Structure formats: C-alpha cells, structure tokens
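Just below is one structure, and these are the notes that go with it.
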Amino acid sequence: MKKLLALCTLNLIFLSSMAGAESIMKPFNDQGYGTISGRVQYLGMYRDYDNGNNGNASTMGIVLNYTTPEVAGFDAGVGYNYAGELFNGDNSSLNANGNINVFNEGWLRYNFGALGYSNTTVLAGRKINNGEIFRADDFRQKSRSIETVQFQTQDLTDTKLTVGHALRMSSWIQVRDLADFNEFNEVFGTDSSSAGVTWGELVNNCVEGLEIALFDAYAWDVANLIGTRVKWDVLEDSAILGYYRHENDVGDASTRNSEAFGLSLQQKIGRVTLEPGYFGVRGSNLRFQEATTGINHALGSLMMIYAGQFNGGTDTAYLKAVTKLEKTDTTLYGLYTYTWNKSSDEAQELNLVVKQPVAKNLTVCFKGGVGYREEQNTTATDARLFATYTF
C-alpha cells in the first residue's frame, strides 16, 4: 500500500507539473498565515564497490517546511524530512539512503530591524546552514542540519559575519544513524565526547573583484580548524581561487596536525566554465571535510571520495566543467580527479551530472560516478536517478 501510494503521489505531481500549475501551496501562502514549501523526490540508486560488492534501492522522500510571518521581529520555522524504501534490492544498506525520519529544522529567529539593522539576526534551534564551515550538500534525500545558536549580520559594508555554537549535527547519509542528530564525536568518528563546535566565519567583498573568506571552528576535544578561501576575478571571464586550511588537536583529542592547500583557475569559454586545479593534504586526515561537516571546495561535490582526496599525504589534480544548454536548459556537470596517495598509490574518480527541467517545479537528474584504485586494482561505480518536484 505504501509503495502504491507513493507512486500515485509522484504521478499526480508529474501531471500537475506538466500542466504548468503553480505551487500547490500558493493558495495558502497568499493568505498571509506563513509560508509552506517543500519537495517530493524519487531516488533510484545503484552502487558497486570493489568489483562485486553491489547494492541497489529506490526511495521516496518528502520535505515539508513552514515559516511563520514575522511578528515584532520574531519568526520561526520547522522542517520535516522523511525518506523510505520503495524497492529494496540486494544489499540496499550499501546505499545508506532510506530510513530517514527527522525534524531537520525547528528554529526561532529575531531580526534587529527595529534597531535599524534589518540584515542582522540571532537564531536558535535546528537549521540548515550553508557556509564555510557547515555545508548543506543535499546529495541524496536530505540536507545537513545543525542544532545551533548563531548570530549573523550583513549590515557591515560588503561583509557577512556569522558566529555560533553547534551542539549536534544531522548528516545527509543514513549510515551509523548519522541522518539523526548526533553529537560531534559521532560526526567525526572519534572516541572522546565533544561539547560541540564553536565557529565564526567572515566573507568580505570590499575590493571589487576580490572575495576573501576567513573562518575558524573549534570542535571541543576533537580539533580546531582555521582557514581562508580567496577568489580573485583577474579578468572578466577568469578567476583564481585559493584555499588554505589548518587543523590541530585540542583538549583530550589524540595528537594530530594537518594542512590543506588548494589553487585553481576558473575560466569561462563561451557557455562552458572550466576549473583545473590542485588540492593537497599534509599530515593527518582532515576532520572537517565532505564526509563530515562539508567543505566549500569543488571536491566537496564528489559522489564517492573513492580516491581518498581528504586523507593525509595526498595530492589531487582535478578538472571541473559546467555548462547549460541554451535551448533546453539542460545542465551538464563533470568532475575528474587524479590522486597520488602516499599510503595507497594512485587513484582516479570521475563524476558526471545531467539535470533536465521537465516542467514547472519538476526536474529529472542523473548522477553517475566511477572510481579506480591502481594498487588494489579495484573499481567502484555509482548511479543515481532523481525525479524532484518542489512546491
């Protein structure tokens, strides 16, 4: 019955979208009682790891969000996220994509507009955060979210400042129950308990064509991260991107020290944007990276991390390419990496994405990846098909 209901729901959404209908929540949202939004998403996924360790499953997910009107500077929001398996193939746990049932957001916010600072807020609760330290990274059926108290302002000239403390985090993957809200020792996979992450980040655009981000994150009894990201528009169609990140142990954590460097050129050629670049890690494996809190870097979009690009002692050369076809609005994306790893020799990974708008509010997206480890002579493949309706 659940499978039939889910398939009928997706079919109705498809038909309404083909008819060019407005959001199904528009009549309510126009009444001024707040805003309801969300999405329904089908995801079929197949993964083959290390020549034969394969699994597949199809899941249906729904996200429901509600934000109240602002009253005396206060507003609030809640977001519910659910995903369950429609079809359970062999070894579906390898996909780690079903069994999501969580209130991903639930927050209260105050805006300082009454004091003349309309772009300054303080917030408490569960919230999706997409910045330098925490990334949303909606790779499957949900985005990352943190339980936080945070202050944010954009009332400074050409500057965005965010400071806060996160107690727990919910990830995008349901393995080891990481899609639930967990303390950060679970997020980072460490033995010692953690009192959370205290962080601050500043993004400045005061100089035309130059963006500089500075950030620090103190994960109690785990690690401290300090770093910077720079983007310099040297020409109209060319930009240089630089990255630096340093991590060290703090409190009761075991001794560790790591540094990451990145340099790339972003070049637009016609309708295609190319980004050849380098990313290297020295010392210990990175704690703050794509599999944990996320990373604001091109490699943060990798589907598998099969080459271990965030491990200590690695050098990665990569090429990212993005374009949008003019007549069909089809988005094409490619990311190729070649990684030299001192502990496991060379490895490669290729990710390809094709995203196609089908009708109003409805898109279909295919994501495919293949990885190869030379020393072990192993190959991994990953294929995902998304059908997403937003409202």
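Simple scheme: letters A, B, ... for chains in structure tokens order, numbers from 1 for residues in each chain, numbers from 1 for ligands in the order shown.
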
Any chance you could tabulate, as a Markdown table, the residues of stretch 53-84 of chain A at most 8 Å from stretch 102-117 of chain A with each one's nearest atom pair and distance in Å to one decimal, using only C-alpha atoms, in chain and rising number order?
| residue | atom | partner | partner_atom | distance |
| --- | --- | --- | --- | --- |
| A:Gly73 | CA | A:Asn111 | CA | 4.9 |
| A:Phe74 | CA | A:Tyr110 | CA | 4.5 |
| A:Asp75 | CA | A:Arg109 | CA | 5.5 |
| A:Ala76 | CA | A:Leu108 | CA | 4.4 |
| A:Gly77 | CA | A:Trp107 | CA | 5.4 |
| A:Val78 | CA | A:Gly106 | CA | 4.2 |
| A:Gly79 | CA | A:Glu105 | CA | 4.5 |
| A:Tyr80 | CA | A:Phe103 | CA | 4.3 |
| A:Asn81 | CA | A:Val102 | CA | 5.4 |
| A:Tyr82 | CA | A:Val102 | CA | 6.6 |

Which residues come within 9 Å of A:Arg144, counting only C-alpha atoms, excluding same-chain residues fewer than 5 positions away, as number ranges by chain?
A: 104, 127-130, 134-138, 169-173, 179, 293-294

At a cut-off of 9 Å, using only C-alpha atoms, what residues contact A:Pro357? Leave out same-chain residues fewer than 2 positions from it and give the result as a ChimeraX atom specification.
/A:328-331,355,359-365

Could you tell me which of A:Val250, A:Cys206, A:Ile133, A:Val63 comes closest to A:His297 if we count only C-alpha atoms?
A:Ile133

May I have the residues within 7 Å of A:Gly98 as a list in words, using only C-alpha atoms and disregarding those fewer than 4 positions away in the same chain?
Thr59, Ala83, Gly84, Glu85 and Gln174 of chain A

Counting only C-alpha atoms, which residue out of A:Thr390, A:Glu70, A:Leu302, A:Ser194 sits closest to A:Met25?
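Looking only at the distances to A:Met25, the closest residue turns out to be A:Thr390.
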
Contacts of A:Arg282 within 6 Å, only C-alpha atoms, excl. fewer than 6 positions in-chain, as a PyMOL selection string:
chain A and resi 258-259+312-313

Going by DSSP on the backbone, which bits of stretch 144-343 of chain A are strand (DSSP E or B)? Write them as an NGL selection string, please.
:A and (145-153 or 159-170 or 182-183 or 197-204 or 210-219 or 223-235 or 238-248 or 257-269 or 272-283 or 314-324 or 331-341)

Distance of atom CA of A:Asn51 from atom CA of A:Thr381, expressed in Å to one decimal place
9.0 Å

Neighbours of A:Ala57 within 9 Å (only C-alpha atoms; same-chain residues fewer than 4 positions away dropped), as an NGL selection string?
:A and (43-46 or 85-93 or 95 or 97-98)

Save the residues we just selected, C-alpha atoms, as a PDB file, in the first residue's frame?
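For reference, part-v4.pdb as written:
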ATOM      1  CA  LEU A  43      15.693   8.459  -5.932  1.00  0.00           C
ATOM      2  CA  GLY A  44      16.783   5.242  -7.554  1.00  0.00           C
ATOM      3  CA  MET A  45      20.349   4.333  -6.651  1.00  0.00           C
ATOM      4  CA  TYR A  46      22.789   1.590  -7.639  1.00  0.00           C
ATOM      5  CA  GLU A  85      12.420   2.495   0.602  1.00  0.00           C
ATOM      6  CA  LEU A  86      10.029   1.750  -2.252  1.00  0.00           C
ATOM      7  CA  PHE A  87      12.005  -1.164  -3.640  1.00  0.00           C
ATOM      8  CA  ASN A  88      14.670  -2.976  -1.665  1.00  0.00           C
ATOM      9  CA  GLY A  89      17.300  -4.521  -3.920  1.00  0.00           C
ATOM     10  CA  ASP A  90      20.239  -6.686  -2.921  1.00  0.00           C
ATOM     11  CA  ASN A  91      22.432  -5.168  -0.185  1.00  0.00           C
ATOM     12  CA  SER A  92      20.463  -1.897  -0.180  1.00  0.00           C
ATOM     13  CA  SER A  93      22.259  -0.861   3.029  1.00  0.00           C
ATOM     14  CA  ASN A  95      23.352   2.937  -0.450  1.00  0.00           C
ATOM     15  CA  ASN A  97      19.731   6.303   1.744  1.00  0.00           C
ATOM     16  CA  GLY A  98      16.453   5.165   3.329  1.00  0.00           C
TER      17      GLY A  98
END

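Across the structure, atom CA of A:Val175 and atom CA of A:Phe288 are spaced 17.9 Å apart.
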
12 Å contact set for A:Glu208, only C-alpha atoms, chain neighbours under 6 positions out, as a ChimeraX atom specification
/A:158,231-236
